[in-house]
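So this one's model_12.tsv, TSV, C-alpha atoms and all ligand atoms:
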```tsv
chain	number	residue	atom	x	y	z
A	1	MET	CA	0.00	0.00	0.00
A	2	ARG	CA	1.22	3.55	-0.71
A	3	LEU	CA	2.56	5.33	2.37
A	4	ASP	CA	0.20	8.32	1.98
A	5	ARG	CA	-2.83	6.03	1.63
A	6	PHE	CA	-1.79	4.07	4.70
A	7	LEU	CA	-1.51	7.29	6.73
A	8	VAL	CA	-4.88	8.62	5.53
A	9	SER	CA	-6.59	5.30	6.29
A	10	SER	CA	-5.02	5.33	9.77
A	11	GLY	CA	-6.71	8.65	10.51
A	12	LEU	CA	-3.58	10.83	10.54
A	13	GLY	CA	-5.19	13.41	8.27
A	14	SER	CA	-6.46	14.14	4.78
A	15	ARG	CA	-4.31	13.30	1.79
A	16	LYS	CA	-3.11	16.91	1.64
A	17	GLU	CA	-2.35	17.02	5.38
A	18	VAL	CA	-0.52	13.73	5.24
A	19	LYS	CA	1.66	14.89	2.34
A	20	LYS	CA	2.66	17.93	4.40
A	21	ILE	CA	3.47	15.76	7.44
A	22	ILE	CA	5.70	13.61	5.21
A	23	LYS	CA	7.38	16.71	3.73
A	24	ASP	CA	7.97	18.03	7.25
A	25	LYS	CA	10.09	14.90	7.91
A	26	LYS	CA	7.76	13.60	10.60
A	27	ILE	CA	7.22	10.11	9.18
A	28	PHE	CA	9.64	7.27	9.80
A	29	VAL	CA	9.60	3.99	7.91
A	30	ASN	CA	11.65	1.35	9.72
A	31	GLU	CA	13.37	4.08	11.76
A	32	GLN	CA	14.36	6.13	8.67
A	33	ILE	CA	12.80	9.48	7.77
A	34	CYS	CA	10.75	8.99	4.62
A	35	LEU	CA	10.02	11.84	2.21
A	36	ASP	CA	8.37	9.75	-0.51
A	37	SER	CA	4.54	9.76	-0.22
A	38	SER	CA	4.26	7.17	-2.96
A	39	LEU	CA	6.59	4.64	-1.28
A	40	ASN	CA	5.06	1.18	-1.28
A	41	ILE	CA	5.01	-0.17	2.25
A	42	ASP	CA	3.95	-3.49	3.73
A	43	GLU	CA	1.31	-2.35	6.21
A	44	TYR	CA	1.66	-5.57	8.22
A	45	LYS	CA	5.46	-5.78	8.39
A	46	ASP	CA	6.98	-2.30	8.09
A	47	LYS	CA	7.28	-0.18	11.21
A	48	ILE	CA	5.68	3.19	10.49
A	49	LYS	CA	6.00	6.03	12.99
A	50	HIS	CA	4.64	9.54	13.19
A	51	LEU	CA	7.45	11.15	15.22
A	52	ASN	CA	7.55	8.79	18.22
A	53	ASP	CA	4.12	7.20	17.79
A	54	GLU	CA	3.89	3.90	15.99
A	55	ILE	CA	0.93	3.65	13.63
A	56	VAL	CA	-0.63	0.20	13.68
A	57	TYR	CA	-2.64	-0.88	10.66
A	58	HIS	CA	-6.33	-1.65	11.04
A	59	LYS	CA	-8.29	-2.97	8.11
A	60	PHE	CA	-11.57	-2.55	9.94
A	61	TYR	CA	-12.79	-0.44	12.84
A	62	TYR	CA	-15.43	-1.42	15.42
A	63	LEU	CA	-17.00	1.11	17.76
A	64	LEU	CA	-19.64	0.65	20.43
A	65	LEU	CA	-21.80	3.77	20.73
A	66	ASN	CA	-24.40	4.64	23.36
A	67	LYS	CA	-26.87	6.27	20.98
A	68	PRO	CA	-28.74	9.25	22.42
A	69	GLU	CA	-32.23	10.36	21.29
A	70	GLY	CA	-32.40	12.73	18.35
A	71	TYR	CA	-29.88	11.09	15.99
A	72	VAL	CA	-30.62	8.96	12.92
A	73	SER	CA	-28.91	5.58	12.55
A	74	SER	CA	-27.38	6.54	9.25
A	75	THR	CA	-24.35	8.19	7.71
A	76	LYS	CA	-26.45	11.06	6.31
A	77	LYS	CA	-28.61	13.76	7.87
A	78	GLU	CA	-32.35	13.01	7.63
A	79	GLY	CA	-34.51	16.12	7.83
A	80	LYS	CA	-33.47	17.98	10.96
A	81	TYR	CA	-31.74	14.96	12.49
A	82	LEU	CA	-27.98	14.51	12.41
A	83	PRO	CA	-26.54	11.06	11.67
A	84	VAL	CA	-24.92	8.96	14.41
A	85	THR	CA	-21.64	9.27	12.49
A	86	GLU	CA	-21.49	12.85	13.85
A	87	LEU	CA	-20.90	11.29	17.27
A	88	VAL	CA	-17.86	9.33	16.06
A	89	LYS	CA	-16.27	12.08	13.94
A	90	GLU	CA	-12.77	10.88	14.81
A	91	TYR	CA	-13.47	7.78	12.67
A	92	GLU	CA	-14.97	9.60	9.69
A	93	PHE	CA	-11.86	8.69	7.69
A	94	ALA	CA	-12.69	4.98	8.11
A	95	ASN	CA	-16.26	5.36	6.78
A	96	VAL	CA	-17.86	3.55	9.69
A	97	PHE	CA	-21.63	3.07	9.57
A	98	PRO	CA	-24.22	1.78	12.06
A	99	VAL	CA	-24.96	-1.96	12.13
A	100	GLY	CA	-28.74	-1.83	11.80
A	101	ARG	CA	-31.06	0.91	12.93
A	102	LEU	CA	-32.29	2.31	16.19
A	103	ASP	CA	-35.13	4.82	15.71
A	104	VAL	CA	-34.46	8.55	16.20
A	105	ASP	CA	-36.18	8.41	19.61
A	106	SER	CA	-34.51	5.11	20.63
A	107	THR	CA	-31.31	4.93	22.66
A	108	GLY	CA	-28.63	2.46	23.63
A	109	VAL	CA	-26.20	-0.04	22.15
A	110	LEU	CA	-25.27	0.69	18.55
A	111	LEU	CA	-22.34	-1.10	16.96
A	112	MET	CA	-20.56	0.83	14.22
A	113	THR	CA	-18.03	-0.56	11.78
A	114	ASN	CA	-16.72	-0.38	8.24
A	115	ASN	CA	-16.76	-4.19	7.92
A	116	GLY	CA	-19.76	-4.61	5.61
A	117	THR	CA	-19.66	-8.41	5.54
A	118	LEU	CA	-19.70	-8.82	9.30
A	119	ALA	CA	-22.38	-6.13	9.66
A	120	HIS	CA	-24.59	-7.94	7.17
A	121	GLN	CA	-24.14	-11.27	8.94
A	122	LEU	CA	-24.81	-9.85	12.39
A	123	LEU	CA	-28.12	-8.50	11.16
A	124	SER	CA	-29.23	-11.67	9.41
A	125	PRO	CA	-31.87	-13.68	11.32
A	126	LYS	CA	-29.87	-16.74	10.18
A	127	TYR	CA	-27.21	-16.10	12.80
A	128	HIS	CA	-29.62	-15.63	15.67
A	129	VAL	CA	-27.83	-12.66	17.23
A	130	ASP	CA	-29.83	-11.52	20.27
A	131	LYS	CA	-30.82	-7.92	20.77
A	132	ILE	CA	-32.32	-6.94	24.12
A	133	TYR	CA	-34.49	-3.85	24.53
A	134	GLU	CA	-35.78	-2.20	27.68
A	135	VAL	CA	-39.20	-0.89	26.82
A	136	GLU	CA	-41.66	1.38	28.61
A	137	VAL	CA	-45.30	1.35	27.51
A	138	ASP	CA	-48.38	3.48	28.17
A	139	PHE	CA	-50.59	0.85	29.87
A	140	PRO	CA	-49.93	-1.85	32.48
A	141	LEU	CA	-48.52	-4.94	30.82
A	142	LYS	CA	-50.55	-8.15	30.80
A	143	ASP	CA	-48.99	-11.59	31.33
A	144	GLU	CA	-50.80	-12.93	28.22
A	145	LEU	CA	-48.41	-10.89	26.10
A	146	ILE	CA	-45.55	-13.20	27.03
A	147	LYS	CA	-47.15	-16.08	25.13
A	148	GLU	CA	-48.07	-13.88	22.17
A	149	PHE	CA	-44.47	-12.67	21.77
A	150	GLU	CA	-43.24	-16.25	22.08
A	151	LYS	CA	-45.68	-17.49	19.39
A	152	GLY	CA	-44.71	-14.70	17.01
A	153	ILE	CA	-46.74	-11.81	15.64
A	154	ILE	CA	-47.66	-11.05	12.04
A	155	ILE	CA	-45.79	-7.99	10.79
A	156	ASP	CA	-45.42	-7.17	7.08
A	157	ASN	CA	-47.39	-10.37	6.36
A	158	GLU	CA	-44.74	-12.47	8.08
A	159	LEU	CA	-44.67	-14.16	11.43
A	160	THR	CA	-41.92	-12.76	13.63
A	161	LEU	CA	-39.41	-15.18	15.14
A	162	PRO	CA	-40.18	-16.21	18.73
A	163	ALA	CA	-39.39	-13.26	21.01
A	164	LYS	CA	-38.89	-13.27	24.76
A	165	LEU	CA	-40.88	-10.81	26.85
A	166	GLU	CA	-40.00	-10.34	30.52
A	167	ILE	CA	-42.24	-8.01	32.47
A	168	ILE	CA	-40.08	-6.19	35.01
A	169	SER	CA	-42.63	-3.69	36.36
A	170	PRO	CA	-46.22	-2.73	35.45
A	171	TYR	CA	-45.11	-0.49	32.57
A	172	LYS	CA	-41.68	-1.90	31.78
A	173	ALA	CA	-40.42	-5.00	30.04
A	174	LEU	CA	-37.33	-6.52	28.46
A	175	VAL	CA	-37.78	-7.80	24.93
A	176	THR	CA	-35.27	-10.13	23.28
A	177	LEU	CA	-35.35	-10.34	19.48
A	178	HIS	CA	-33.27	-12.32	17.00
A	179	GLU	CA	-34.17	-10.19	14.00
A	180	GLY	CA	-34.71	-6.53	13.21
A	181	LYS	CA	-37.71	-5.58	11.16
A	182	PHE	CA	-38.45	-1.88	10.73
A	183	HIS	CA	-39.85	-0.47	14.05
A	184	GLN	CA	-40.27	-4.09	15.14
A	185	VAL	CA	-40.64	-3.66	18.90
A	186	LYS	CA	-43.04	-0.72	18.56
A	187	ARG	CA	-45.14	-2.57	16.01
A	188	MET	CA	-45.26	-5.74	18.11
A	189	PHE	CA	-46.65	-3.80	21.06
A	190	LEU	CA	-48.98	-1.80	18.82
A	191	LYS	CA	-50.65	-5.06	17.72
A	192	PHE	CA	-51.95	-5.21	21.31
A	193	SER	CA	-52.74	-1.46	21.43
A	194	TYR	CA	-49.72	-0.50	23.52
A	195	LYS	CA	-47.71	2.56	22.66
A	196	VAL	CA	-43.98	2.40	23.32
A	197	ILE	CA	-42.99	5.45	25.38
A	198	SER	CA	-39.27	4.73	25.49
A	199	LEU	CA	-37.01	2.12	23.98
A	200	ASN	CA	-33.44	1.53	25.07
A	201	ARG	CA	-31.32	-1.26	23.59
A	202	ILE	CA	-29.30	-2.69	26.46
A	203	GLN	CA	-27.57	-5.50	24.59
A	204	PHE	CA	-26.49	-6.44	21.05
A	205	ALA	CA	-25.08	-9.98	20.91
A	206	PHE	CA	-22.90	-10.00	24.09
A	207	LEU	CA	-22.14	-6.26	23.92
A	208	THR	CA	-23.52	-4.03	26.67
A	209	LEU	CA	-22.87	-0.38	27.45
A	210	ASN	CA	-21.20	-0.92	30.82
A	211	GLY	CA	-20.19	2.63	31.70
A	212	ILE	CA	-20.36	4.21	28.23
A	213	LYS	CA	-22.37	7.42	28.70
A	214	LYS	CA	-25.04	8.60	26.26
A	215	GLY	CA	-23.40	10.01	23.12
A	216	GLU	CA	-20.06	8.36	23.95
A	217	TYR	CA	-18.36	5.30	22.49
A	218	ARG	CA	-15.39	3.01	22.82
A	219	MET	CA	-13.46	0.81	20.42
A	220	LEU	CA	-14.04	-2.92	20.69
A	221	ALA	CA	-11.21	-5.02	22.07
A	222	ASN	CA	-9.66	-7.66	19.80
A	223	GLU	CA	-11.28	-10.48	21.79
A	224	GLU	CA	-14.69	-8.89	21.29
A	225	ILE	CA	-14.13	-8.65	17.52
A	226	LEU	CA	-13.10	-12.31	17.41
A	227	LYS	CA	-16.19	-13.25	19.41
A	228	LEU	CA	-18.43	-11.39	16.94
A	229	GLU	CA	-16.75	-13.21	14.07
A	230	GLU	CA	-17.26	-16.53	15.83
A	231	LEU	CA	-20.97	-15.80	16.26
A	232	THR	CA	-21.40	-15.49	12.52
A	233	GLN	CA	-19.64	-18.77	11.88
A	234	HIS	CA	-22.19	-20.79	13.83
A	235	LYS	CA	-25.61	-20.56	12.34
A	236	THR	CA	-28.10	-21.60	14.98
A	237	LEU	CA	-31.14	-21.95	12.75
A	238	ASP	CA	-31.58	-24.75	10.18
A	239	ASN	CA	-28.88	-25.50	7.63
A	240	ASN	CA	-29.30	-22.85	4.96
B	1	LIG	N1	-37.66	-1.72	17.41
B	1	LIG	C1	-38.22	-0.49	17.30
B	1	LIG	O1	-39.43	-0.36	17.17
B	1	LIG	N2	-37.42	0.58	17.32
B	1	LIG	C2	-36.08	0.52	17.48
B	1	LIG	O2	-35.40	1.54	17.50
B	1	LIG	C3	-35.52	-0.77	17.59
B	1	LIG	C4	-36.31	-1.88	17.56
```

Show how you would write the structure in this file as structure tokens.
Ligand code: URA
Amino acid sequence: MRLDRFLVSSGLGSRKEVKKIIKDKKIFVNEQICLDSSLNIDEYKDKIKHLNDEIVYHKFYYLLLNKPEGYVSSTKKEGKYLPVTELVKEYEFANVFPVGRLDVDSTGVLLMTNNGTLAHQLLSPKYHVDKIYEVEVDFPLKDELIKEFEKGIIIDNELTLPAKLEIISPYKALVTLHEGKFHQVKRMFLKFSYKVISLNRIQFAFLTLNGIKKGEYRMLANEEILKLEELTQHKTLDNN
């Protein structure tokens, strides 16, 4: 890979900024100052430094965001709403995007990455990745709903996969889904004339927010990335 491309894709700056940094003798390739932006480097083997800081190559980036209300799960503004990518501006260079959608008024766990293949697999019902939502509704919850969610509910002319409903207080429940139809949780409750007042995703696969404040994010650790990859290698439903 060309040195300037490597530096841009590592987030050091734009192509123009990176060229200036190289010209200013701030980039070292294997401990030697390098002035050639077009030098072909081996991103896995060569040691690239910006002054004293080593730059380690990442093909893909994985961020765990605590989505606040008022942002769209997209890379583009929609109407008056800014995209969630505005909250992870530092990774704009990597073109990360949200894995699936949380509604504008929904909050909680949102994985962001630029690994399109993994994102696609994590969202496929085939891989049975659990998503857990904490939901508040406008009327006291009835126990009968538990069975209805388990049986599945017709949405878009299709029966939803069995969902788990745990009632935790008169107006609050946890819902576990293995798929993600458009506005699925809200529409499931609406079938029984409940309006969802608030919806917070507390878990996506094994990922929870654990101390990440609203609007903040952290990078996934390598073990977490490997675990996500493993999840998509074991299909839990049938053999297709
Ligand atoms: N289901 C919904 O209805 N909304 C969300 O944001 C996520 C799941």

Each residue of chain A lying at most 7 Å from ligand LIG 1 (chain B) should get a row with its shortest atom-to-atom pair and the distance in Å to one decimal, counting only C-alpha atoms and all ligand atoms; could you produce that, ordered by chain and increasing number, as JSON lines?
```
{"residue": "A:Arg101", "atom": "CA", "partner": "B:LIG1", "partner_atom": "O2", "distance": 6.3}
{"residue": "A:Leu102", "atom": "CA", "partner": "B:LIG1", "partner_atom": "O2", "distance": 3.5}
{"residue": "A:Asp103", "atom": "CA", "partner": "B:LIG1", "partner_atom": "O2", "distance": 3.7}
{"residue": "A:Ser106", "atom": "CA", "partner": "B:LIG1", "partner_atom": "O2", "distance": 4.8}
{"residue": "A:Gly180", "atom": "CA", "partner": "B:LIG1", "partner_atom": "C4", "distance": 6.6}
{"residue": "A:Phe182", "atom": "CA", "partner": "B:LIG1", "partner_atom": "O1", "distance": 6.7}
{"residue": "A:His183", "atom": "CA", "partner": "B:LIG1", "partner_atom": "O1", "distance": 3.2}
{"residue": "A:Gln184", "atom": "CA", "partner": "B:LIG1", "partner_atom": "N1", "distance": 4.2}
{"residue": "A:Val185", "atom": "CA", "partner": "B:LIG1", "partner_atom": "N1", "distance": 3.9}
{"residue": "A:Lys186", "atom": "CA", "partner": "B:LIG1", "partner_atom": "O1", "distance": 3.9}
{"residue": "A:Arg187", "atom": "CA", "partner": "B:LIG1", "partner_atom": "O1", "distance": 6.2}
{"residue": "A:Leu199", "atom": "CA", "partner": "B:LIG1", "partner_atom": "O2", "distance": 6.7}
```

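Taking all atoms listed in the file into account, A:His128 lies nearest to A:Leu177 out of the set A:Leu145, A:Leu177, A:Met219, A:Leu63.
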
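Taking atom CA of A:Leu64 and atom CA of A:Lys181 as endpoints, the distance between them is 21.2 Å.
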
Contacts of A:Phe192 at 12 Å or less, counting all atoms listed in the file, minus same-chain residues fewer than 5 places along, as a short mmCIF file (atom, residue, chain, number, x, y, z; two decimals) with C-alpha atoms, keeping the file's coordinate frame?
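Written out: result.cif:
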```cif
data_model
loop_
_atom_site.label_atom_id
_atom_site.label_comp_id
_atom_site.auth_asym_id
_atom_site.auth_seq_id
_atom_site.Cartn_x
_atom_site.Cartn_y
_atom_site.Cartn_z
CA VAL A 137 -45.30 1.35 27.51
CA ASP A 138 -48.38 3.48 28.17
CA PHE A 139 -50.59 0.85 29.87
CA PRO A 140 -49.93 -1.85 32.48
CA LEU A 141 -48.52 -4.94 30.82
CA LYS A 142 -50.55 -8.15 30.80
CA GLU A 144 -50.80 -12.93 28.22
CA LEU A 145 -48.41 -10.89 26.10
CA ILE A 146 -45.55 -13.20 27.03
CA GLU A 148 -48.07 -13.88 22.17
CA PHE A 149 -44.47 -12.67 21.77
CA ILE A 153 -46.74 -11.81 15.64
CA ILE A 154 -47.66 -11.05 12.04
CA VAL A 185 -40.64 -3.66 18.90
CA LYS A 186 -43.04 -0.72 18.56
CA ARG A 187 -45.14 -2.57 16.01
#
```

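Rounded to one decimal, atom CA of A:Tyr71 and atom CA of A:Leu209 lie 17.7 Å from each other.
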
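You will find atom CA of A:Leu207 at 8.7 Å from atom CA of A:Leu111.
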
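With distances restricted to all atoms listed in the file, A:His58 is the closest residue to A:Asn115 from A:Leu165, A:His58, A:Thr208, A:Tyr81.
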
Please write stretch 61-75 of chain A of the preceding block to a file containing N, CA and C atoms, as a compact mmCIF listing (two decimals), in the first residue's frame?
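Full text of part.txt as output:
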```txt
# COMPACT_ATOMS: atom_id res chain seq x y z
N TYR A 61 -12.60 -1.10 11.54
CA TYR A 61 -12.79 -0.44 12.84
C TYR A 61 -14.13 -0.87 13.42
N TYR A 62 -14.19 -1.01 14.74
CA TYR A 62 -15.43 -1.42 15.42
C TYR A 62 -15.62 -0.53 16.64
N LEU A 63 -16.72 0.19 16.66
CA LEU A 63 -17.00 1.11 17.76
C LEU A 63 -18.32 0.73 18.40
N LEU A 64 -18.39 0.91 19.72
CA LEU A 64 -19.64 0.65 20.43
C LEU A 64 -20.14 1.99 20.97
N LEU A 65 -21.26 2.45 20.40
CA LEU A 65 -21.80 3.77 20.73
C LEU A 65 -23.02 3.63 21.63
N ASN A 66 -23.15 4.53 22.60
CA ASN A 66 -24.40 4.64 23.36
C ASN A 66 -25.21 5.74 22.65
N LYS A 67 -26.13 5.31 21.81
CA LYS A 67 -26.87 6.27 20.98
C LYS A 67 -27.83 7.09 21.85
N PRO A 68 -27.75 8.42 21.72
CA PRO A 68 -28.74 9.25 22.42
C PRO A 68 -29.96 9.47 21.53
N GLU A 69 -31.05 10.02 22.09
CA GLU A 69 -32.23 10.36 21.29
C GLU A 69 -31.83 11.49 20.33
N GLY A 70 -32.58 11.58 19.23
CA GLY A 70 -32.40 12.73 18.35
C GLY A 70 -31.39 12.55 17.23
N TYR A 71 -30.83 11.36 17.10
CA TYR A 71 -29.88 11.09 15.99
C TYR A 71 -30.43 9.95 15.13
N VAL A 72 -30.19 10.04 13.81
CA VAL A 72 -30.62 8.96 12.92
C VAL A 72 -29.50 7.94 12.78
N SER A 73 -29.89 6.65 12.72
CA SER A 73 -28.91 5.58 12.55
C SER A 73 -28.54 5.50 11.07
N SER A 74 -27.71 6.42 10.67
CA SER A 74 -27.38 6.54 9.25
C SER A 74 -26.06 7.28 9.14
N THR A 75 -25.57 7.41 7.91
CA THR A 75 -24.35 8.19 7.71
C THR A 75 -24.70 9.57 7.15
```
